Every structure is written in C-alpha cells, then in structure tokens.
Protein chains: 2
Amino acid sequence: MVDLLRSHIQKRVNISDEEFARCRTFFSHKKLRKKQYWLQEGDVCRSIGFVLKGCLRNYTVDAKGEEHIIQFAIEDWWVSDIYSFLSGTPSKEFIDALEDSDLLVLDRSSRDAMLDAVPKMERFFRLLLEANLVATRRRVASLISDSAEQRYLDFLKSYPNLVERVPLNQIASFLGITPQSLSRIRKELSEKR
Amino acid sequence: MVDLLRSHIQKRVNISDEEFARCRTFFSHKKLRKKQYWLQEGDVCRSIGFVLKGCLRNYTVDAKGEEHIIQFAIEDWWVSDIYSFLSGTPSKEFIDALEDSDLLVLDRSSRDAMLDAVPKMERFFRLLLEANLVATRRRVASLISDSAEQRYLDFLKSYPNLVERVPLNQIASFLGITPQSLSRIRKELSEKR
DNA sequence: CTTTCCTGTTACCATACGTTAAGGCCATTT
DNA sequence: AAATGGCCTTAACGTATGGTAACAGGAAAG
C-alpha cells in the first residue's frame with residue numbers, strides 16, 4: 001500500500017530507500033468510512049491527505065444549501081483545502097468520503113519538518129503543484145469556454161475511471177450544472193449517436 | 001524597476017543581496033508594445049515573464065473565433081502558458097499586451113540553472129505556485145457556484161485596479177460571458193442600487 | 001418482507017445568458 | 001474636418017440551463 005506513495009514520489013524526483021524511509025515517518029494513517037467527514041466548514045484544514053484507497057470529494061455548500069464539488073480525489077491523488085491548510089484560517093469547504101477510504105496524512109508541521117529533513121521533497125512538492133495548477137487552469141478554461149455538454153464529454157475522456165465510481169449527480173455538481181441538466185444532456189447524446 | 005522583483009521574492013523567502021544578484025543574472029528584459037504578441041498558438045512557451053510594468057492577457061481562441069481570457073497579468077504578477085512551458089509542447093494559448101509593457105523574462109534552462117545556483121528559489125517557486133493554485137481553485141469554485149452577476153461583483157472586489165485599466169469586453173471574456181451580457185448586468189445593478 | 005433512502009429520469013415552465021443587429025460616443029488616423 | 005475603428009449600450013428574440021415536481025428502480029435499513 002505504501003508502495004503507492006513511493007512510486008508516486010518517484011514519478012517526479014529520484015529518491016533513495018533511505019530518503020523515502022525518512023519521509024515515511026512523517027505520515028500517519030487515516031481510515032474513513034463512506035460518508036464520513038474529513039473536513040467541515042469552519043474547521044482549519046491541518047493536513048493534506050494522499051489517497052491510498054477509495055474516493056473523496058472536496059466541496060462547498062452555498063446559501064441555498066447546494067453542494068458544489070471542487071475536486072474529486074481517488075488513489076494516487078492528494079486532497080485538502082489548500083487555502084486553509086496554508087493560511088491556517090477556517091475552511092469554507094467540506095471534505096468527505098464517497099467510498100470507504102484509506103489516507104496517508106501529513107500535517108503542516110510534519111510537512112515542514114519533512115522538507116527540512118529531506119530537501120529533495122521541496123522539489124517534489126513544487127512539481128506536484130505545477131501539475132495541479134496546470135490541471136486547474138484547464139478546468140477554468142473549460143468552464144469559461146465550453147458548453148455543459150462539451151464539459152461532460154471532456155470529463156468522460158479525462159476521468160473514465162471516475163465515471164464508473166461516482167454517482168451522476170456528483171459529476172453534475174463537479175461540472176457546475178444540475179443533475180437534471182446532466183440527465184437531459186445524456187439523453188440527447190444517446191439520441192444523436 | 002528591478003526592485004519590484006526583489007521585493008516580490010522577499011515577500012516569500014528571505015534572500016541576501018548576494019543571492020538576489022545571482023538570481024538577477026538569469027533574467028532578461030523584454031519590452032512589448034500594446035497589442036504585441038508574446039506567445040501565439042502553436043508556439044512553445046519557452047519562458048515565464050514577471051511583469052514590471054503594463055498589462056498582459058493570456059487567452060484561448062475557440063472554433064468560432066471567440067477569445068476566452070484565462071488570466072490577466074499586471075505589475076508584480078507572472079505570465080506564461082505554464083503547461084507548454086513545463087511540457088515543451090506547442091501552446092494552445094495566446095499571450096499579448098493590453099498596454100505597453102515591460103517584462104523580466106526567465107527561460108526554462110535559466111530557471112533550472114537558477115534553482116541550482118540559488119536553492120532557496122526552489123522554495124520561492126513552491127510558495128508562488130501554492131498561491132497561484134489557491135487563486136485558481138477559487139476561480140473554479142466561483143465558476144461552478146455563482147451567477148455571472150455574482151462573479152462580476154467578486155471581480156470588482158478582488159481586482160479593483162484591473163477594472164479601471166481593462167476594457168469591459170475583456171472582463172466579460174474573463175468572466176465567461178459576452179460583453180452584451182455584462183452590459184445588461186451592469187445596467188440591472190445600477191437600477192437596483 | 002416491507003419500508004425508506006438514494007439515484008436517475010422525465011416533463012413543464014421560468015430565467016439567465018447568447019445571438020444578432022443597430023446606434024452612439026470617443027479617440028485616432030487621414 | 002471627415003473618416004475609421006474600438007468600445008459600450010440597447011433591444012428583440014433564441015436557446016441552454018435552472019427550478020419544481022413527480023415517478024421508478026434498486027440498494028440499504030428496519
């Protein structure tokens with residue numbers, strides 16, 4: 001299981017067994033059952049989580065009580081409210097588990113200690129953030145440029161594995177539309193092709 | 001002018017005169033006249049730019065020829081197609097100047113050399129990326145949650161200086177709506193309040 | 001086994017935003 | 001002075017998506 005983290009890091013920086021062993025000591029384990037919260041609005045997000053198993057979502061709830069999914073996280077992804085984590089201010093987001101999940105958790109002081117203990121990880125996090133920023137910018141471009149139908153088709157292409165695991169109403173929320181609209185879009189697509 | 005870069009870096013990491021002087025050698029200057037391109041679709045984005053003066057925009061052009069602004073950049077901000085820059089693949093974006101502008105430019109090999117020469121800059125870029133990611137995630141949250149009117153009001157609050165410098169049709173494009181819609185929204189707002 | 005909840009679908013109407021077209025204002029060019 | 005082009009606005013109409021409501025199938029809970 002922990003091998004997943006090792007290969008995740010190795011994808012970006014070369015790390016020795018000894019260095020990885022040192023890194024490993026800064027993480028702790030966390031199990032979440034389906035529907036269990038990891039972060040609730042008003043809490044400070046004190047750690048970032050690396051998903052070993054399962055699926056989580058990061059979302060806001062607006063004044064009408066509607067949920068808006070900012071991010072999904074499955075195996076090999078990280079999850080957190082990065083703003084609250086970095087600033088130490090209370091979060092406006094929720095994080096909970098869509099499936100029984102298994103995380104490796106790194107709190108703020110552990111991360112800082114790790115960066116001191118294994119300087120190479122500084123580069124790892126930079127590269128991770130770069131990849132994240134690229135993906136998030138893509139999503140912005142898609143949201144300001146594309147129709148809901150196009151965004152759904154892109155989602156199918158980009159995350160084929162997620163479609164099978166996540167309920168459609170959750171995907172609609174991620175796309176920024178209602179479940180009813182997504183249902184209509186799916187109907188039209190199936191009629192056309 | 002270069003002091004702007006110094007204080008920009010200093011905001012995130014402590015850097016000595018000597019270290020800054022070393023950093024400085026990796027940058028080159030670039031002047032752009034209004035409407036001049038810095039990046040065109042199909043080109044590889046070989047450098048990132050730090051804006052000393054002026055205003056630039058980063059945008060895509062869709063199949064209908066419509067422009068969609070992904071990012072504005074004014075003084076003290078960075079501009080690039082980070083995906084093309086990192087991957088070395090041809091860009092699908094344009095970058096041009098909305099005003100006569102003055103950039104400090106860092107190409108890929110210079111950046112890598114700088115990171116070797118001044119390891120502290122590794123942390124600087126990590127922190128810069130973190131801030132960028134936070135802002136971009138905010139924008140995603142706003143695009144999937146808020147009405148165009150709300151997004152416009154948020155824009156006014158977040159970037160009051162930009163509103164005065166950038167034409168309204170450009171702001172509409174940034175918000176993901178047409179100039180006509182923005183005009184209508186402004187009218188309704190002025191009638192209400 | 002029955003009940004309840006969760007998910008997905010459909011339909012009807014409402015609304016926000018897009019499209020097309022036109023006109024006016026102002027700065028720049030000729 | 002006249003002409004041009006960029007920018008903003010307005011209006012009438014079209015379309016995509018939202019809101020509300022109802023229903024059905026399947027999973028989960030009792």
# chains A, B, ... in the order shown; residues from 1 in each chain; ligands from 1
>>> interface_residues(of="chain A", to="chain C", cutoff="12 Å", atoms="only C-alpha atoms (C1' of nucleotides)", output="list in words")
Ser147, Val166, Pro167, Leu168, Asn169, Gln170, Ala172, Pro179, Gln180, Ser181, Leu182, Ser183, Arg184, Ile185, Arg186 and Lys187 of chain A
>>> closest_atom_pairs(of="chain D", to="chain A", cutoff="10 Å", atoms="only C-alpha atoms (C1' of nucleotides)", output="CSV")
residue,atom,partner,partner_atom,distance
D:DA16,C1',A:Ser147,CA,8.6
D:DT17,C1',A:Ser181,CA,6.6
D:DG18,C1',A:Thr178,CA,7.4
D:DG19,C1',A:Thr178,CA,9.9
>>> write_last_selection(atoms="C-alpha atoms (C1' of nucleotides)", output="PDB file, in the first residue's frame")
ATOM      1  C1'  DA D  16     -29.331  26.283 -22.758  1.00  0.00           C
ATOM      2  C1'  DT D  17     -29.777  25.518 -18.255  1.00  0.00           C
ATOM      3  C1'  DG D  18     -32.335  26.027 -13.722  1.00  0.00           C
ATOM      4  C1'  DG D  19     -36.486  25.093 -10.651  1.00  0.00           C
TER       5       DG D  19
END
>>> interface_residues(of="chain B", to="chain A", cutoff="7 Å", atoms="only C-alpha atoms", output="PyMOL selection string")
chain B and resi 68+70+82-83+122-123+125-126+129-130+133-134+136-137+140-141+143-145+175-176
>>> write_last_selection(atoms="N, CA and C atoms", output="PDB file, in the first residue's frame")
ATOM      1  N   HIS B  68     -11.223  33.688 -25.090  1.00  0.00           N
ATOM      2  CA  HIS B  68     -11.570  33.404 -23.693  1.00  0.00           C
ATOM      3  C   HIS B  68     -10.351  33.661 -22.830  1.00  0.00           C
ATOM      4  N   ILE B  70      -7.968  33.535 -19.916  1.00  0.00           N
ATOM      5  CA  ILE B  70      -7.656  32.646 -18.801  1.00  0.00           C
ATOM      6  C   ILE B  70      -7.066  33.444 -17.651  1.00  0.00           C
ATOM      7  N   ILE B  82       1.785  27.886 -18.599  1.00  0.00           N
ATOM      8  CA  ILE B  82       2.633  27.027 -17.772  1.00  0.00           C
ATOM      9  C   ILE B  82       2.675  25.600 -18.302  1.00  0.00           C
ATOM     10  N   TYR B  83       1.615  25.140 -18.940  1.00  0.00           N
ATOM     11  CA  TYR B  83       1.626  23.775 -19.457  1.00  0.00           C
ATOM     12  C   TYR B  83       2.646  23.629 -20.576  1.00  0.00           C
ATOM     13  N   GLU B 122      13.973  27.423  -5.011  1.00  0.00           N
ATOM     14  CA  GLU B 122      13.073  26.267  -5.099  1.00  0.00           C
ATOM     15  C   GLU B 122      11.853  26.506  -4.197  1.00  0.00           C
ATOM     16  N   ARG B 123      12.142  26.963  -3.005  1.00  0.00           N
ATOM     17  CA  ARG B 123      11.050  27.251  -2.071  1.00  0.00           C
ATOM     18  C   ARG B 123      10.208  28.431  -2.549  1.00  0.00           C
ATOM     19  N   PHE B 125       9.531  29.303  -5.567  1.00  0.00           N
ATOM     20  CA  PHE B 125       8.604  28.892  -6.618  1.00  0.00           C
ATOM     21  C   PHE B 125       7.510  27.987  -6.064  1.00  0.00           C
ATOM     22  N   ARG B 126       7.856  27.193  -5.083  1.00  0.00           N
ATOM     23  CA  ARG B 126       6.799  26.378  -4.470  1.00  0.00           C
ATOM     24  C   ARG B 126       5.736  27.284  -3.848  1.00  0.00           C
ATOM     25  N   LEU B 129       3.665  29.003  -6.494  1.00  0.00           N
ATOM     26  CA  LEU B 129       2.705  28.067  -7.090  1.00  0.00           C
ATOM     27  C   LEU B 129       1.547  27.796  -6.144  1.00  0.00           C
ATOM     28  N   GLU B 130       1.839  27.696  -4.867  1.00  0.00           N
ATOM     29  CA  GLU B 130       0.768  27.474  -3.900  1.00  0.00           C
ATOM     30  C   GLU B 130      -0.247  28.614  -3.957  1.00  0.00           C
ATOM     31  N   LEU B 133      -2.230  28.386  -7.135  1.00  0.00           N
ATOM     32  CA  LEU B 133      -3.199  27.293  -7.121  1.00  0.00           C
ATOM     33  C   LEU B 133      -4.420  27.678  -6.292  1.00  0.00           C
ATOM     34  N   VAL B 134      -4.189  28.307  -5.165  1.00  0.00           N
ATOM     35  CA  VAL B 134      -5.295  28.763  -4.327  1.00  0.00           C
ATOM     36  C   VAL B 134      -6.206  29.697  -5.111  1.00  0.00           C
ATOM     37  N   THR B 136      -6.547  30.004  -8.349  1.00  0.00           N
ATOM     38  CA  THR B 136      -7.184  29.338  -9.481  1.00  0.00           C
ATOM     39  C   THR B 136      -8.325  28.434  -9.007  1.00  0.00           C
ATOM     40  N   ARG B 137      -8.125  27.782  -7.878  1.00  0.00           N
ATOM     41  CA  ARG B 137      -9.211  26.970  -7.309  1.00  0.00           C
ATOM     42  C   ARG B 137     -10.396  27.840  -6.913  1.00  0.00           C
ATOM     43  N   VAL B 140     -12.377  28.475  -9.976  1.00  0.00           N
ATOM     44  CA  VAL B 140     -13.182  27.306 -10.316  1.00  0.00           C
ATOM     45  C   VAL B 140     -14.431  27.268  -9.447  1.00  0.00           C
ATOM     46  N   ALA B 141     -14.247  27.440  -8.147  1.00  0.00           N
ATOM     47  CA  ALA B 141     -15.387  27.401  -7.232  1.00  0.00           C
ATOM     48  C   ALA B 141     -16.414  28.445  -7.635  1.00  0.00           C
ATOM     49  N   LEU B 143     -16.862  29.772 -10.630  1.00  0.00           N
ATOM     50  CA  LEU B 143     -17.469  29.453 -11.924  1.00  0.00           C
ATOM     51  C   LEU B 143     -18.520  28.357 -11.818  1.00  0.00           C
ATOM     52  N   ILE B 144     -18.344  27.409 -10.912  1.00  0.00           N
ATOM     53  CA  ILE B 144     -19.353  26.347 -10.804  1.00  0.00           C
ATOM     54  C   ILE B 144     -20.469  26.706  -9.827  1.00  0.00           C
ATOM     55  N   SER B 145     -20.274  27.752  -9.021  1.00  0.00           N
ATOM     56  CA  SER B 145     -21.265  28.053  -7.978  1.00  0.00           C
ATOM     57  C   SER B 145     -22.065  29.318  -8.233  1.00  0.00           C
ATOM     58  N   LEU B 175     -14.773  36.544 -17.332  1.00  0.00           N
ATOM     59  CA  LEU B 175     -15.860  36.003 -16.504  1.00  0.00           C
ATOM     60  C   LEU B 175     -16.597  34.852 -17.189  1.00  0.00           C
ATOM     61  N   GLY B 176     -16.359  34.675 -18.479  1.00  0.00           N
ATOM     62  CA  GLY B 176     -17.019  33.596 -19.199  1.00  0.00           C
ATOM     63  C   GLY B 176     -18.375  33.978 -19.753  1.00  0.00           C
TER      64      GLY B 176
END
>>> atom_distance(atom1="atom CA of A:Tyr37", atom2="atom CA of A:Arg165")
18.7 Å
>>> residues_around(residues="B:Val105", least_positions_apart="3", cutoff="7 Å", atoms="only C-alpha atoms (C1' of nucleotides)", output="PyMOL selection string")
chain B and resi 27-30+47-50
>>> select_by_dssp(residues="chain B", states="strand (DSSP E or B)", output="PyMOL selection string")
chain B and resi 28-32+37-39+44+47-53+55-61+67-74+78-79+90+94-97+101-107
>>> write_last_selection(atoms="N, CA and C atoms", output="tab-separated table (two decimals), in the first residue's frame")
chain	number	residue	atom	x	y	z
B	28	SER	N	16.23	38.14	-18.42
B	28	SER	CA	16.50	39.14	-19.44
B	28	SER	C	15.29	40.08	-19.52
B	29	HIS	N	15.47	41.21	-20.18
B	29	HIS	CA	14.40	42.20	-20.31
B	29	HIS	C	13.62	41.98	-21.60
B	30	LYS	N	12.36	42.36	-21.56
B	30	LYS	CA	11.57	42.31	-22.79
B	30	LYS	C	10.55	43.44	-22.74
B	31	LYS	N	10.53	44.23	-23.78
B	31	LYS	CA	9.52	45.27	-23.89
B	31	LYS	C	8.49	44.85	-24.92
B	32	LEU	N	7.22	45.10	-24.62
B	32	LEU	CA	6.15	44.80	-25.56
B	32	LEU	C	5.31	46.04	-25.77
B	37	TYR	N	2.14	40.48	-29.62
B	37	TYR	CA	2.09	39.12	-29.09
B	37	TYR	C	3.38	38.76	-28.36
B	38	TRP	N	3.22	37.98	-27.29
B	38	TRP	CA	4.39	37.40	-26.66
B	38	TRP	C	4.40	35.88	-26.90
B	39	LEU	N	3.19	35.34	-27.09
B	39	LEU	CA	3.05	33.91	-27.39
B	39	LEU	C	1.86	33.74	-28.33
B	44	VAL	N	5.91	27.09	-28.83
B	44	VAL	CA	6.20	26.58	-27.50
B	44	VAL	C	6.50	27.77	-26.59
B	47	SER	N	9.45	30.58	-21.99
B	47	SER	CA	9.84	31.34	-20.81
B	47	SER	C	8.63	31.80	-20.01
B	48	ILE	N	8.88	32.17	-18.78
B	48	ILE	CA	7.85	32.79	-17.97
B	48	ILE	C	8.25	34.25	-17.78
B	49	GLY	N	7.25	35.11	-17.64
B	49	GLY	CA	7.53	36.54	-17.57
B	49	GLY	C	7.03	37.15	-16.27
B	50	PHE	N	7.85	37.98	-15.68
B	50	PHE	CA	7.45	38.74	-14.50
B	50	PHE	C	7.16	40.17	-14.95
B	51	VAL	N	5.96	40.67	-14.66
B	51	VAL	CA	5.55	41.96	-15.20
B	51	VAL	C	6.07	43.10	-14.33
B	52	LEU	N	6.94	43.92	-14.91
B	52	LEU	CA	7.44	45.11	-14.22
B	52	LEU	C	6.50	46.28	-14.43
B	53	LYS	N	5.90	46.32	-15.62
B	53	LYS	CA	5.04	47.45	-15.97
B	53	LYS	C	4.10	47.00	-17.07
B	55	CYS	N	0.27	45.58	-18.73
B	55	CYS	CA	-0.81	44.60	-18.52
B	55	CYS	C	-0.86	43.66	-19.72
B	56	LEU	N	-0.90	42.36	-19.44
B	56	LEU	CA	-0.98	41.37	-20.49
B	56	LEU	C	-2.19	40.47	-20.25
B	57	ARG	N	-2.54	39.72	-21.28
B	57	ARG	CA	-3.61	38.74	-21.10
B	57	ARG	C	-3.20	37.43	-21.77
B	58	ASN	N	-3.73	36.36	-21.23
B	58	ASN	CA	-3.45	35.01	-21.67
B	58	ASN	C	-4.80	34.43	-22.05
B	59	TYR	N	-4.98	34.00	-23.30
B	59	TYR	CA	-6.31	33.59	-23.72
B	59	TYR	C	-6.28	32.48	-24.77
B	60	THR	N	-7.41	31.82	-24.92
B	60	THR	CA	-7.57	30.85	-26.00
B	60	THR	C	-8.55	31.42	-27.01
B	61	VAL	N	-8.51	30.88	-28.22
B	61	VAL	CA	-9.48	31.22	-29.25
B	61	VAL	C	-10.18	29.94	-29.66
B	67	GLU	N	-12.59	34.74	-28.22
B	67	GLU	CA	-11.48	34.73	-27.26
B	67	GLU	C	-12.00	34.46	-25.85
B	68	HIS	N	-11.22	33.69	-25.09
B	68	HIS	CA	-11.57	33.40	-23.69
B	68	HIS	C	-10.35	33.66	-22.83
B	69	ILE	N	-10.45	34.66	-21.96
B	69	ILE	CA	-9.28	35.08	-21.20
B	69	ILE	C	-9.09	34.22	-19.96
B	70	ILE	N	-7.97	33.53	-19.92
B	70	ILE	CA	-7.66	32.65	-18.80
B	70	ILE	C	-7.07	33.44	-17.65
B	71	GLN	N	-6.31	34.50	-17.99
B	71	GLN	CA	-5.56	35.21	-16.96
B	71	GLN	C	-5.21	36.62	-17.43
B	72	PHE	N	-5.31	37.57	-16.54
B	72	PHE	CA	-4.67	38.87	-16.73
B	72	PHE	C	-3.36	38.88	-15.96
B	73	ALA	N	-2.44	39.73	-16.38
B	73	ALA	CA	-1.21	39.88	-15.59
B	73	ALA	C	-0.80	41.35	-15.59
B	74	ILE	N	-0.72	41.94	-14.41
B	74	ILE	CA	-0.22	43.30	-14.28
B	74	ILE	C	1.04	43.28	-13.41
B	78	TRP	N	3.13	37.08	-12.58
B	78	TRP	CA	3.81	36.29	-13.59
B	78	TRP	C	2.84	35.94	-14.71
B	79	VAL	N	3.38	35.72	-15.89
B	79	VAL	CA	2.54	35.30	-17.01
B	79	VAL	C	3.27	34.24	-17.81
B	90	PRO	N	3.67	22.45	-28.01
B	90	PRO	CA	3.13	23.70	-28.57
B	90	PRO	C	1.92	24.17	-27.77
B	94	PHE	N	-2.76	32.13	-26.46
B	94	PHE	CA	-2.09	33.35	-26.90
B	94	PHE	C	-1.77	34.19	-25.66
B	95	ILE	N	-0.69	34.95	-25.76
B	95	ILE	CA	-0.42	35.97	-24.76
B	95	ILE	C	-0.07	37.24	-25.52
B	96	ASP	N	-0.76	38.34	-25.20
B	96	ASP	CA	-0.38	39.62	-25.80
B	96	ASP	C	-0.56	40.74	-24.78
B	97	ALA	N	-0.11	41.93	-25.19
B	97	ALA	CA	-0.09	43.06	-24.26
B	97	ALA	C	-1.31	43.93	-24.45
B	101	SER	N	4.20	47.28	-22.27
B	101	SER	CA	4.60	46.52	-21.08
B	101	SER	C	6.09	46.23	-21.05
B	102	ASP	N	6.52	45.90	-19.86
B	102	ASP	CA	7.94	45.69	-19.58
B	102	ASP	C	8.05	44.43	-18.72
B	103	LEU	N	8.76	43.43	-19.24
B	103	LEU	CA	8.84	42.13	-18.55
B	103	LEU	C	10.26	41.78	-18.16
B	104	LEU	N	10.37	41.01	-17.08
B	104	LEU	CA	11.60	40.27	-16.81
B	104	LEU	C	11.33	38.83	-17.20
B	105	VAL	N	12.18	38.28	-18.04
B	105	VAL	CA	11.90	37.00	-18.68
B	105	VAL	C	12.90	35.94	-18.22
B	106	LEU	N	12.35	34.76	-17.95
B	106	LEU	CA	13.18	33.66	-17.46
B	106	LEU	C	12.86	32.44	-18.31
B	107	ASP	N	13.84	31.97	-19.09
B	107	ASP	CA	13.52	30.78	-19.89
B	107	ASP	C	13.79	29.52	-19.08
>>> closest_residue(among="A:Ala113, A:Val118, A:Leu98, A:Ser87", to="A:Asn14", atoms="only C-alpha atoms")
A:Val118
